[in-house]
file protein02.tsv (TSV, C-alpha atoms)
chain	number	residue	atom	x	y	z
A	1	MET	CA	15.33	5.06	7.39
A	2	THR	CA	14.01	8.62	7.41
A	3	THR	CA	10.82	9.11	9.40
A	4	ILE	CA	8.44	12.00	8.82
A	5	LEU	CA	6.00	12.68	11.62
A	6	SER	CA	2.48	13.68	10.67
A	7	GLY	CA	2.36	16.54	13.14
A	8	ALA	CA	-1.23	15.70	14.08
A	9	PRO	CA	-1.96	17.33	17.46
A	10	ALA	CA	-2.88	15.08	20.34
A	11	ALA	CA	-3.08	11.91	18.25
A	12	PRO	CA	-5.08	9.34	20.22
A	13	ALA	CA	-3.63	6.38	22.07
A	14	TYR	CA	-5.06	3.19	20.60
A	15	PRO	CA	-6.30	0.24	22.68
A	16	HIS	CA	-4.24	-2.21	20.62
A	17	SER	CA	-0.48	-2.11	20.14
A	18	VAL	CA	2.30	-4.07	18.48
A	19	ASP	CA	4.37	-6.55	20.45
A	20	LEU	CA	7.47	-6.80	18.28
A	21	GLU	CA	8.73	-9.94	19.98
A	22	ALA	CA	5.41	-11.70	19.39
A	23	LEU	CA	5.40	-10.67	15.70
A	24	GLU	CA	9.03	-11.56	15.07
A	25	SER	CA	8.40	-15.20	14.15
A	26	ARG	CA	5.60	-14.27	11.73
A	27	PHE	CA	7.78	-11.61	10.13
A	28	GLU	CA	10.64	-14.09	9.73
A	29	VAL	CA	8.36	-16.60	7.99
A	30	LEU	CA	7.17	-13.87	5.63
A	31	ILE	CA	10.71	-12.68	4.87
A	32	ASP	CA	11.85	-16.29	4.27
A	33	GLU	CA	8.97	-16.88	1.87
A	34	LEU	CA	9.50	-13.74	-0.20
A	35	SER	CA	13.30	-13.74	-0.27
A	36	SER	CA	14.43	-17.38	-0.26
A	37	GLN	CA	13.50	-18.33	-3.83
A	38	PRO	CA	14.16	-15.24	-5.97
A	39	PHE	CA	16.94	-13.78	-3.81
A	40	SER	CA	18.69	-16.78	-2.30
A	41	ALA	CA	22.50	-16.79	-2.37
A	42	ALA	CA	22.41	-19.55	-4.98
A	43	ALA	CA	19.98	-17.67	-7.23
A	44	LEU	CA	22.00	-14.48	-6.93
A	45	SER	CA	25.24	-16.34	-7.69
A	46	THR	CA	23.69	-17.78	-10.83
A	47	ALA	CA	22.47	-14.33	-11.89
A	48	LEU	CA	25.85	-12.70	-11.27
A	49	ALA	CA	27.62	-15.43	-13.20
A	50	GLY	CA	25.15	-14.95	-16.05
A	51	GLY	CA	26.11	-11.35	-16.63
A	52	VAL	CA	24.63	-7.88	-16.36
A	53	SER	CA	21.22	-8.74	-17.85
A	54	ASP	CA	20.61	-11.58	-15.43
A	55	ALA	CA	21.74	-9.52	-12.44
A	56	ALA	CA	19.55	-6.58	-13.52
A	57	ALA	CA	16.53	-8.88	-13.80
A	58	ILE	CA	17.04	-10.01	-10.21
A	59	LEU	CA	17.34	-6.42	-9.00
A	60	ARG	CA	14.17	-5.38	-10.83
A	61	ALA	CA	12.29	-8.08	-8.95
A	62	ILE	CA	13.08	-6.53	-5.57
A	63	PRO	CA	10.39	-3.78	-5.68
A	64	ILE	CA	7.77	-6.37	-6.67
A	65	GLN	CA	8.57	-8.65	-3.74
A	66	GLU	CA	8.87	-5.69	-1.39
A	67	GLY	CA	5.38	-4.55	-2.38
A	68	ARG	CA	4.02	-7.99	-1.50
A	69	LEU	CA	5.95	-7.88	1.76
A	70	LEU	CA	4.38	-4.55	2.74
A	71	GLU	CA	0.85	-5.60	1.83
A	72	ARG	CA	1.05	-8.83	3.80
A	73	GLY	CA	2.88	-7.16	6.68
A	74	ILE	CA	0.11	-4.58	6.99
A	75	GLY	CA	-2.39	-7.43	7.05
A	76	ILE	CA	-0.51	-9.15	9.87
A	77	ILE	CA	-0.44	-5.96	11.93
A	78	ALA	CA	-4.09	-5.13	11.20
A	79	ASP	CA	-5.05	-8.54	12.61
A	80	LEU	CA	-4.10	-7.15	16.02
A	81	ASN	CA	-7.24	-4.99	15.88
A	82	PRO	CA	-10.25	-7.35	16.13
A	83	ASP	CA	-12.58	-4.71	14.67
A	84	LEU	CA	-10.79	-4.74	11.32
A	85	VAL	CA	-11.35	-6.78	8.19
A	86	VAL	CA	-8.46	-6.70	5.71
A	87	LEU	CA	-9.30	-7.47	2.09
A	88	THR	CA	-6.69	-8.17	-0.57
A	89	GLN	CA	-8.62	-10.30	-3.08
A	90	ASN	CA	-11.45	-9.54	-5.53
A	91	LEU	CA	-10.83	-5.78	-5.29
A	92	ARG	CA	-11.08	-4.68	-8.92
A	93	LEU	CA	-13.15	-1.50	-8.74
A	94	PRO	CA	-14.84	0.05	-11.78
A	95	VAL	CA	-13.85	3.65	-12.52
A	96	THR	CA	-16.64	5.24	-14.54
A	97	LYS	CA	-16.63	8.37	-16.61
A	98	THR	CA	-19.40	9.74	-14.40
A	99	ALA	CA	-17.41	9.07	-11.24
A	100	LEU	CA	-14.24	10.66	-12.63
A	101	GLU	CA	-16.14	13.76	-13.69
A	102	LEU	CA	-17.70	14.04	-10.25
A	103	VAL	CA	-14.28	13.88	-8.62
A	104	GLU	CA	-12.36	16.09	-11.06
A	105	LYS	CA	-14.95	18.84	-11.56
A	106	ASN	CA	-16.56	19.14	-8.14
A	107	ASP	CA	-15.69	19.94	-4.58
A	108	PRO	CA	-15.72	16.75	-2.44
A	109	LYS	CA	-18.79	17.99	-0.55
A	110	HIS	CA	-20.78	17.62	-3.78
A	111	PHE	CA	-20.05	13.93	-4.28
A	112	ARG	CA	-19.03	12.54	-0.90
A	113	SER	CA	-22.61	11.43	-0.11
A	114	LEU	CA	-22.99	9.35	-3.28
A	115	THR	CA	-22.46	5.68	-3.91
A	116	LEU	CA	-22.43	3.91	-7.26
A	117	ASP	CA	-23.30	0.38	-8.31
A	118	ALA	CA	-20.22	-1.85	-8.56
A	119	ASP	CA	-21.88	-4.29	-10.97
A	120	THR	CA	-21.19	-2.58	-14.30
A	121	GLY	CA	-18.84	-4.99	-16.06
A	122	GLY	CA	-16.86	-2.18	-17.67
A	123	ARG	CA	-13.24	-2.08	-18.76
A	124	LYS	CA	-11.92	0.89	-16.79
A	125	THR	CA	-10.85	-0.26	-13.34
A	126	TYR	CA	-8.63	0.45	-10.37
A	127	THR	CA	-7.33	-2.28	-8.05
A	128	PRO	CA	-6.13	-1.15	-4.60
A	129	ASP	CA	-3.55	-3.10	-2.66
A	130	LEU	CA	-5.83	-3.40	0.36
A	131	ILE	CA	-9.20	-2.34	1.65
A	132	VAL	CA	-9.37	-2.18	5.44
A	133	VAL	CA	-12.84	-2.05	6.96
A	134	ASN	CA	-13.63	-1.25	10.58
A	135	ARG	CA	-16.80	-3.18	11.39
A	136	LYS	CA	-17.40	-1.12	14.51
A	137	THR	CA	-17.14	2.37	12.98
A	138	LYS	CA	-18.20	1.27	9.45
A	139	LEU	CA	-15.21	3.15	8.05
A	140	ALA	CA	-13.37	1.69	5.03
A	141	HIS	CA	-9.90	2.72	3.88
A	142	VAL	CA	-8.88	2.12	0.27
A	143	ILE	CA	-5.08	1.78	0.40
A	144	ASP	CA	-2.45	1.98	-2.33
A	145	VAL	CA	1.03	1.05	-1.08
A	146	LYS	CA	3.96	2.53	-2.98
A	147	ARG	CA	7.54	1.47	-2.39
A	148	SER	CA	8.60	4.97	-3.41
A	149	LEU	CA	7.06	8.06	-4.99
A	150	GLY	CA	10.44	9.42	-6.01
A	151	SER	CA	9.86	8.73	-9.71
A	152	TYR	CA	6.24	9.98	-9.72
A	153	GLU	CA	5.47	13.40	-11.13
A	154	VAL	CA	2.87	15.46	-9.25
A	155	SER	CA	0.42	15.07	-12.12
A	156	ARG	CA	0.76	11.28	-11.94
A	157	ILE	CA	0.05	11.28	-8.22
A	158	ASN	CA	-2.99	13.54	-8.71
A	159	GLU	CA	-4.29	11.24	-11.43
A	160	LEU	CA	-3.95	8.27	-9.11
A	161	LYS	CA	-5.78	10.08	-6.30
A	162	SER	CA	-8.63	11.00	-8.66
A	163	ARG	CA	-9.03	7.38	-9.76
A	164	MET	CA	-8.96	6.21	-6.16
A	165	LEU	CA	-11.69	8.66	-5.16
A	166	ALA	CA	-13.79	7.71	-8.18
A	167	ALA	CA	-13.35	4.01	-7.40
A	168	ALA	CA	-14.22	4.62	-3.74
A	169	LEU	CA	-17.77	5.50	-4.81
A	170	VAL	CA	-18.46	1.82	-5.57
A	171	VAL	CA	-16.79	0.39	-2.46
A	172	PRO	CA	-19.90	0.25	-0.23
A	173	ASP	CA	-21.82	-1.72	-2.86
A	174	LEU	CA	-18.86	-4.03	-3.51
A	175	LEU	CA	-18.32	-4.76	0.18
A	176	TYR	CA	-21.95	-5.55	0.82
A	177	ARG	CA	-22.38	-7.66	-2.31
A	178	ASP	CA	-19.09	-9.57	-2.51
A	179	HIS	CA	-17.65	-9.60	1.02
A	180	HIS	CA	-20.16	-11.13	3.39
A	181	ARG	CA	-22.45	-8.10	3.70
A	182	LEU	CA	-19.76	-5.81	5.09
A	183	VAL	CA	-21.19	-2.34	5.66
A	184	ALA	CA	-19.25	0.88	5.02
A	185	GLU	CA	-20.83	4.25	5.70
A	186	GLU	CA	-17.67	6.22	4.92
A	187	VAL	CA	-14.82	5.48	2.52
A	188	ARG	CA	-11.43	7.20	2.70
A	189	VAL	CA	-8.50	6.76	0.32
A	190	VAL	CA	-4.81	6.92	1.12
A	191	ILE	CA	-1.50	6.36	-0.66
A	192	LEU	CA	1.11	4.93	1.71
A	193	ASN	CA	4.67	5.86	0.73
A	194	ALA	CA	7.21	3.41	2.13
A	195	GLU	CA	10.10	5.83	1.63
A	196	ASN	CA	8.39	8.28	4.03
A	197	GLN	CA	8.96	11.28	1.75
A	198	ARG	CA	6.68	13.52	-0.32
A	199	SER	CA	3.90	13.23	2.24
A	200	ASP	CA	0.67	15.25	1.96
A	201	ILE	CA	-1.43	14.26	4.93
A	202	ALA	CA	-4.48	16.37	4.03
A	203	GLY	CA	-4.24	15.27	0.38
A	204	GLY	CA	-4.19	11.55	1.11
A	205	VAL	CA	-0.45	10.79	0.72
A	206	TRP	CA	0.93	9.43	4.00
A	207	PRO	CA	4.32	8.14	5.09
A	208	LEU	CA	4.20	4.50	6.04
A	209	SER	CA	5.29	5.54	9.52
A	210	ASP	CA	1.73	6.81	10.08
A	211	LEU	CA	0.23	3.35	9.62
A	212	ASP	CA	-0.85	3.41	13.28
A	213	HIS	CA	-3.75	5.74	12.40
A	214	LEU	CA	-5.11	3.53	9.61
A	215	VAL	CA	-5.22	0.29	11.56
A	216	GLU	CA	-5.59	1.88	14.99
A	217	VAL	CA	-2.70	-0.13	16.38
A	218	GLY	CA	0.05	1.64	18.30
A	219	GLY	CA	3.53	0.96	16.93
A	220	ALA	CA	2.25	-0.28	13.56
A	221	GLY	CA	4.41	2.15	11.57
A	222	LYS	CA	7.53	1.22	13.51
A	223	ALA	CA	6.82	-2.49	13.04
A	224	ILE	CA	6.33	-2.26	9.27
A	225	GLY	CA	9.53	-0.21	9.04
A	226	MET	CA	11.40	-2.93	10.90
A	227	LEU	CA	9.95	-5.59	8.58
A	228	ARG	CA	11.13	-3.66	5.54
A	229	GLU	CA	14.63	-3.15	6.94
A	230	ARG	CA	14.98	-6.84	7.76
A	231	PHE	CA	13.85	-7.80	4.27
A	232	HIS	CA	16.54	-5.60	2.74
A	233	GLY	CA	19.06	-6.91	5.27
A	234	ARG	CA	18.35	-10.48	4.18
A	235	ILE	CA	18.84	-9.59	0.52
A	236	ASP	CA	22.06	-7.70	1.32
A	237	GLU	CA	23.38	-10.72	3.22
A	238	ASN	CA	22.57	-13.11	0.37
A	239	TRP	CA	24.05	-10.68	-2.17
A	240	LYS	CA	27.37	-10.59	-0.31
A	241	LEU	CA	27.44	-14.39	-0.10
A	242	ALA	CA	26.74	-14.66	-3.81
A	243	ARG	CA	29.35	-12.06	-4.75
A	244	ASN	CA	32.00	-13.63	-2.52
A	245	SER	CA	31.36	-17.05	-4.04
A	246	ILE	CA	32.33	-15.61	-7.42
A	247	ALA	CA	34.88	-12.88	-6.70
A	248	GLY	CA	36.15	-13.68	-3.21
A	249	PRO	CA	35.73	-11.61	-0.02
A	250	GLU	CA	34.88	-7.93	-0.38
A	251	GLU	CA	37.87	-5.61	-0.44
A	252	PRO	CA	37.98	-2.56	1.87
A	253	GLY	CA	36.30	0.45	0.30
A	254	ARG	CA	34.48	-1.62	-2.31
A	255	ARG	CA	30.83	-0.68	-2.87
A	256	GLY	CA	28.38	-2.95	-1.09
A	257	ALA	CA	25.11	-4.57	-2.01
A	258	SER	CA	22.98	-1.76	-0.61
A	259	ALA	CA	24.51	0.74	-3.01
A	260	ASP	CA	24.08	-1.64	-5.94
A	261	ILE	CA	20.43	-2.26	-5.10
A	262	ALA	CA	19.66	1.40	-4.45
A	263	GLU	CA	21.14	2.43	-7.81
A	264	ALA	CA	19.42	-0.36	-9.71
A	265	ASN	CA	16.04	0.55	-8.24
A	266	GLY	CA	16.45	4.31	-8.36
A	267	ASN	CA	14.30	4.61	-11.49
A	268	GLU	CA	11.41	2.45	-10.37
A	269	THR	CA	8.63	2.11	-12.93
A	270	CYS	CA	5.39	3.77	-11.85
A	271	ASP	CA	2.51	1.38	-11.28
A	272	ALA	CA	-0.49	3.46	-12.33
A	273	GLY	CA	-2.78	0.47	-12.84
A	274	SER	CA	-4.74	-0.44	-15.95
A	275	ILE	CA	-7.23	2.13	-17.21
A	276	THR	CA	-10.06	1.35	-19.60
A	277	GLU	CA	-13.44	2.92	-20.08
A	278	VAL	CA	-16.85	1.94	-18.73
A	279	HIS	CA	-20.31	3.52	-18.52
A	280	GLN	CA	-22.27	3.29	-15.29
A	281	PRO	CA	-25.66	4.51	-14.03
A	282	ALA	CA	-26.04	7.37	-11.57
A	283	GLY	CA	-25.29	6.77	-7.90
A	284	ARG	CA	-27.45	6.32	-4.85
A	285	GLY	CA	-27.18	6.27	-1.07
A	286	GLN	CA	-25.56	8.40	1.62
A	287	ILE	CA	-21.92	7.30	1.74
A	288	ARG	CA	-19.13	9.74	2.59
A	289	VAL	CA	-16.00	9.57	0.44
A	290	GLY	CA	-12.73	11.44	0.93
A	291	PHE	CA	-9.06	11.29	1.85
A	292	ALA	CA	-7.85	9.47	4.94
A	293	ARG	CA	-7.57	11.59	8.07
A	294	ILE	CA	-5.39	11.29	11.16
A	295	PRO	CA	-7.79	11.58	14.11
A	296	ARG	CA	-7.36	13.93	17.01
A	297	ALA	CA	-7.77	12.63	20.54
A	298	GLY	CA	-11.37	11.71	21.25
A	299	THR	CA	-12.46	11.70	17.58
A	300	GLY	CA	-12.95	9.08	14.87

call {"tool": "encode", "arguments": {"input": "protein02.tsv", "output": "structure tokens"}}
result
Amino acid sequence: MTTILSGAPAAPAYPHSVDLEALESRFEVLIDELSSQPFSAAALSTALAGGVSDAAAILRAIPIQEGRLLERGIGIIADLNPDLVVLTQNLRLPVTKTALELVEKNDPKHFRSLTLDADTGGRKTYTPDLIVVNRKTKLAHVIDVKRSLGSYEVSRINELKSRMLAAALVVPDLLYRDHHRLVAEEVRVVILNAENQRSDIAGGVWPLSDLDHLVEVGGAGKAIGMLRERFHGRIDENWKLARNSIAGPEEPGRRGASADIAEANGNETCDAGSITEVHQPAGRGQIRVGFARIPRAGTG
């Protein structure tokens, strides 16, 4: 796995850190749950015996399950910080024409102090993978986890960032209204790229290895990387068992499961989310909105 360091000077040491041995059992349960049914040796054997179409269908399911793995793994790690609330349900955020125009036609300083009403009932929405709220600092992070950005054009990434910023304008109202009166005074958006390439720290695209700074837990990025590697290792192991049950033991020099999976998933379909239109009244309040930032020592 390639790791790209953020290069943030004097990044702070966090009071909470990952104990990999303590998390190992929880990670194993999660891997078992997300790999046993769709990617068991028996299921893979059946798919391989069924032909190319069946095998391709199994391979296409890997990014979906991996996305769920990452979301839930981040939740497990975030639980190590008692100040955090991790939300994964009821997160459909309206994206209004007004909000998009504010984001696309203005400098962030002109809209970062606005908040919009979440109760509009419109059709145009954005659903993040997670919202992580720090109850102590009242800082909320709107997080979109991508398995890879390799198939995303720059324009597609910029479109996603604009929708995330526009949706962030309703987050304070949504949190207070629908999530037990949670208060957010600042909302930051970030795209986490699991492949750790194409990072743009200032522009809100982070490698997953920088997860530490979102959840304020030392070793978080390393832990989520380990979880991902073990998930792929489990699938590779089951793939070899399934293949051997049909064709016999692997011959020297024969391509392995990792190469098969990498090629099959090389052209991953972009998940841009559903977009429909809604009209919404003007905003109110004093809420700061922007891209996620890696803190320097002694800052928030």

call {"tool": "closest_residue", "arguments": {"input": "protein02.tsv", "among": "A:Val85, A:Ala292, A:Ile77, A:Met164", "to": "A:Gly218", "atoms": "all atoms listed in the file"}}
result
A:Ile77

call {"tool": "residues_around", "arguments": {"input": "protein02.tsv", "residues": "A:Val187", "least_positions_apart": "3", "cutoff": "9 Å", "atoms": "all atoms listed in the file", "output": "ChimeraX atom specification"}}
result
/A:112,133,138-142,165,168-169,171-172,184,287-292

call {"tool": "write_last_selection", "arguments": {"input": "protein02.tsv", "atoms": "C-alpha atoms", "output": "PDB file, in the frame of the given file"}}
result
ATOM      1  CA  ARG A 112     -19.030  12.540  -0.900  1.00  0.00           C
ATOM      2  CA  VAL A 133     -12.840  -2.050   6.960  1.00  0.00           C
ATOM      3  CA  LYS A 138     -18.200   1.270   9.450  1.00  0.00           C
ATOM      4  CA  LEU A 139     -15.210   3.150   8.050  1.00  0.00           C
ATOM      5  CA  ALA A 140     -13.370   1.690   5.030  1.00  0.00           C
ATOM      6  CA  HIS A 141      -9.900   2.720   3.880  1.00  0.00           C
ATOM      7  CA  VAL A 142      -8.880   2.120   0.270  1.00  0.00           C
ATOM      8  CA  LEU A 165     -11.690   8.660  -5.160  1.00  0.00           C
ATOM      9  CA  ALA A 168     -14.220   4.620  -3.740  1.00  0.00           C
ATOM     10  CA  LEU A 169     -17.770   5.500  -4.810  1.00  0.00           C
ATOM     11  CA  VAL A 171     -16.790   0.390  -2.460  1.00  0.00           C
ATOM     12  CA  PRO A 172     -19.900   0.250  -0.230  1.00  0.00           C
ATOM     13  CA  ALA A 184     -19.250   0.880   5.020  1.00  0.00           C
ATOM     14  CA  ILE A 287     -21.920   7.300   1.740  1.00  0.00           C
ATOM     15  CA  ARG A 288     -19.130   9.740   2.590  1.00  0.00           C
ATOM     16  CA  VAL A 289     -16.000   9.570   0.440  1.00  0.00           C
ATOM     17  CA  GLY A 290     -12.730  11.440   0.930  1.00  0.00           C
ATOM     18  CA  PHE A 291      -9.060  11.290   1.850  1.00  0.00           C
ATOM     19  CA  ALA A 292      -7.850   9.470   4.940  1.00  0.00           C
TER      20      ALA A 292
END

call {"tool": "atom_distance", "arguments": {"input": "protein02.tsv", "atom1": "atom CA of A:Glu195", "atom2": "atom CA of A:Ile58"}}
result
21.0 Å

call {"tool": "residues_around", "arguments": {"input": "protein02.tsv", "residues": "stretch 63-74 of chain A", "least_positions_apart": "2", "cutoff": "8 Å", "atoms": "all atoms listed in the file", "output": "list of chain:residue names"}}
result
A:Phe27, A:Leu30, A:Ile31, A:Leu34, A:Ser35, A:Arg60, A:Ala61, A:Ile76, A:Ile77, A:Ala78, A:Asp129, A:Leu130, A:Val145, A:Lys146, A:Arg147, A:Ile224, A:Leu227, A:Arg228, A:Phe231, A:Asn265, A:Glu268

call {"tool": "atom_distance", "arguments": {"input": "protein02.tsv", "atom1": "atom CA of A:Thr88", "atom2": "atom CA of A:Leu175"}}
result
12.1 Å

call {"tool": "closest_residue", "arguments": {"input": "protein02.tsv", "among": "A:Ile294, A:Ile143, A:Leu84, A:Ile157", "to": "A:His213", "atoms": "all atoms listed in the file"}}
result
A:Ile294

call {"tool": "residues_around", "arguments": {"input": "protein02.tsv", "residues": "A:Ser17", "least_positions_apart": "6", "cutoff": "9 Å", "atoms": "all atoms listed in the file", "output": "short mmCIF file (atom, residue, chain, number, x, y, z; two decimals) with C-alpha atoms, keeping the file's coordinate frame"}}
result
data_model
loop_
_atom_site.label_atom_id
_atom_site.label_comp_id
_atom_site.auth_asym_id
_atom_site.auth_seq_id
_atom_site.Cartn_x
_atom_site.Cartn_y
_atom_site.Cartn_z
CA LEU A 80 -4.10 -7.15 16.02
CA ASN A 81 -7.24 -4.99 15.88
CA ASP A 212 -0.85 3.41 13.28
CA GLU A 216 -5.59 1.88 14.99
CA VAL A 217 -2.70 -0.13 16.38
CA GLY A 218 0.05 1.64 18.30
CA GLY A 219 3.53 0.96 16.93
CA ALA A 220 2.25 -0.28 13.56
#

call {"tool": "atom_distance", "arguments": {"input": "protein02.tsv", "atom1": "atom CA of A:Val95", "atom2": "atom CA of A:Glu159"}}
result
12.3 Å

call {"tool": "residues_near_point", "arguments": {"input": "protein02.tsv", "point": "(20.6, -13.6, -4.2)", "cutoff": "12 Å", "atoms": "only C-alpha atoms", "output": "PyMOL selection string"}}
result
chain A and resi 34-49+54-59+61-62+232-245+257+261

call {"tool": "residues_around", "arguments": {"input": "protein02.tsv", "residues": "stretch 197-207 of chain A", "least_positions_apart": "4", "cutoff": "8 Å", "atoms": "only C-alpha atoms", "output": "ChimeraX atom specification"}}
result
/A:3-4,6,149-150,161,189-193,211,291-294

call {"tool": "residues_around", "arguments": {"input": "protein02.tsv", "residues": "A:Gln89", "least_positions_apart": "3", "cutoff": "10 Å", "atoms": "only C-alpha atoms", "output": "ChimeraX atom specification"}}
result
/A:86,92,127-131,179

call {"tool": "build_atoms", "arguments": {"input": "protein02.tsv", "residues": "stretch 85-102 of chain A", "atoms": "N, CA, C and O atoms", "output": "short mmCIF file (atom, residue, chain, number, x, y, z; two decimals), in the coordinates of the input"}}
result
data_model
loop_
_atom_site.label_atom_id
_atom_site.label_comp_id
_atom_site.auth_asym_id
_atom_site.auth_seq_id
_atom_site.Cartn_x
_atom_site.Cartn_y
_atom_site.Cartn_z
N VAL A 85 -11.37 -5.75 9.22
CA VAL A 85 -11.35 -6.78 8.19
C VAL A 85 -10.42 -6.28 7.09
O VAL A 85 -10.60 -5.16 6.58
N VAL A 86 -9.42 -7.08 6.74
CA VAL A 86 -8.46 -6.70 5.71
C VAL A 86 -8.73 -7.51 4.45
O VAL A 86 -8.71 -8.74 4.48
N LEU A 87 -8.98 -6.82 3.36
CA LEU A 87 -9.30 -7.47 2.09
C LEU A 87 -8.18 -7.22 1.09
O LEU A 87 -7.73 -6.09 0.92
N THR A 88 -7.74 -8.28 0.44
CA THR A 88 -6.69 -8.17 -0.57
C THR A 88 -7.08 -8.86 -1.87
O THR A 88 -6.37 -8.73 -2.87
N GLN A 89 -8.19 -9.56 -1.90
CA GLN A 89 -8.62 -10.30 -3.08
C GLN A 89 -9.96 -9.75 -3.59
O GLN A 89 -10.74 -9.21 -2.84
N ASN A 90 -10.19 -9.94 -4.92
CA ASN A 90 -11.45 -9.54 -5.53
C ASN A 90 -11.73 -8.06 -5.30
O ASN A 90 -12.81 -7.66 -4.88
N LEU A 91 -10.74 -7.22 -5.58
CA LEU A 91 -10.83 -5.78 -5.29
C LEU A 91 -10.81 -4.92 -6.55
O LEU A 91 -10.54 -3.73 -6.47
N ARG A 92 -11.08 -5.48 -7.70
CA ARG A 92 -11.08 -4.68 -8.92
C ARG A 92 -12.31 -3.77 -8.92
O ARG A 92 -13.45 -4.24 -8.97
N LEU A 93 -12.08 -2.48 -8.87
CA LEU A 93 -13.15 -1.50 -8.74
C LEU A 93 -13.37 -0.77 -10.06
O LEU A 93 -12.41 -0.24 -10.63
N PRO A 94 -14.59 -0.71 -10.55
CA PRO A 94 -14.84 0.05 -11.78
C PRO A 94 -14.64 1.54 -11.56
O PRO A 94 -14.98 2.08 -10.51
N VAL A 95 -14.03 2.19 -12.54
CA VAL A 95 -13.85 3.65 -12.52
C VAL A 95 -14.63 4.20 -13.70
O VAL A 95 -14.21 4.09 -14.85
N THR A 96 -15.77 4.79 -13.47
CA THR A 96 -16.64 5.24 -14.54
C THR A 96 -16.35 6.67 -14.93
O THR A 96 -15.78 7.46 -14.16
N LYS A 97 -16.77 7.00 -16.14
CA LYS A 97 -16.63 8.37 -16.61
C LYS A 97 -17.40 9.33 -15.71
O LYS A 97 -16.91 10.42 -15.37
N THR A 98 -18.59 8.90 -15.29
CA THR A 98 -19.40 9.74 -14.40
C THR A 98 -18.68 9.99 -13.09
O THR A 98 -18.63 11.12 -12.59
N ALA A 99 -18.10 8.94 -12.52
CA ALA A 99 -17.41 9.07 -11.24
C ALA A 99 -16.19 9.98 -11.36
O ALA A 99 -15.94 10.83 -10.50
N LEU A 100 -15.42 9.82 -12.44
CA LEU A 100 -14.24 10.66 -12.63
C LEU A 100 -14.62 12.13 -12.79
O LEU A 100 -13.96 13.02 -12.25
N GLU A 101 -15.70 12.38 -13.52
CA GLU A 101 -16.14 13.76 -13.69
C GLU A 101 -16.60 14.37 -12.37
O GLU A 101 -16.36 15.54 -12.09
N LEU A 102 -17.28 13.56 -11.56
CA LEU A 102 -17.70 14.04 -10.25
C LEU A 102 -16.50 14.45 -9.41
O LEU A 102 -16.51 15.49 -8.74
#
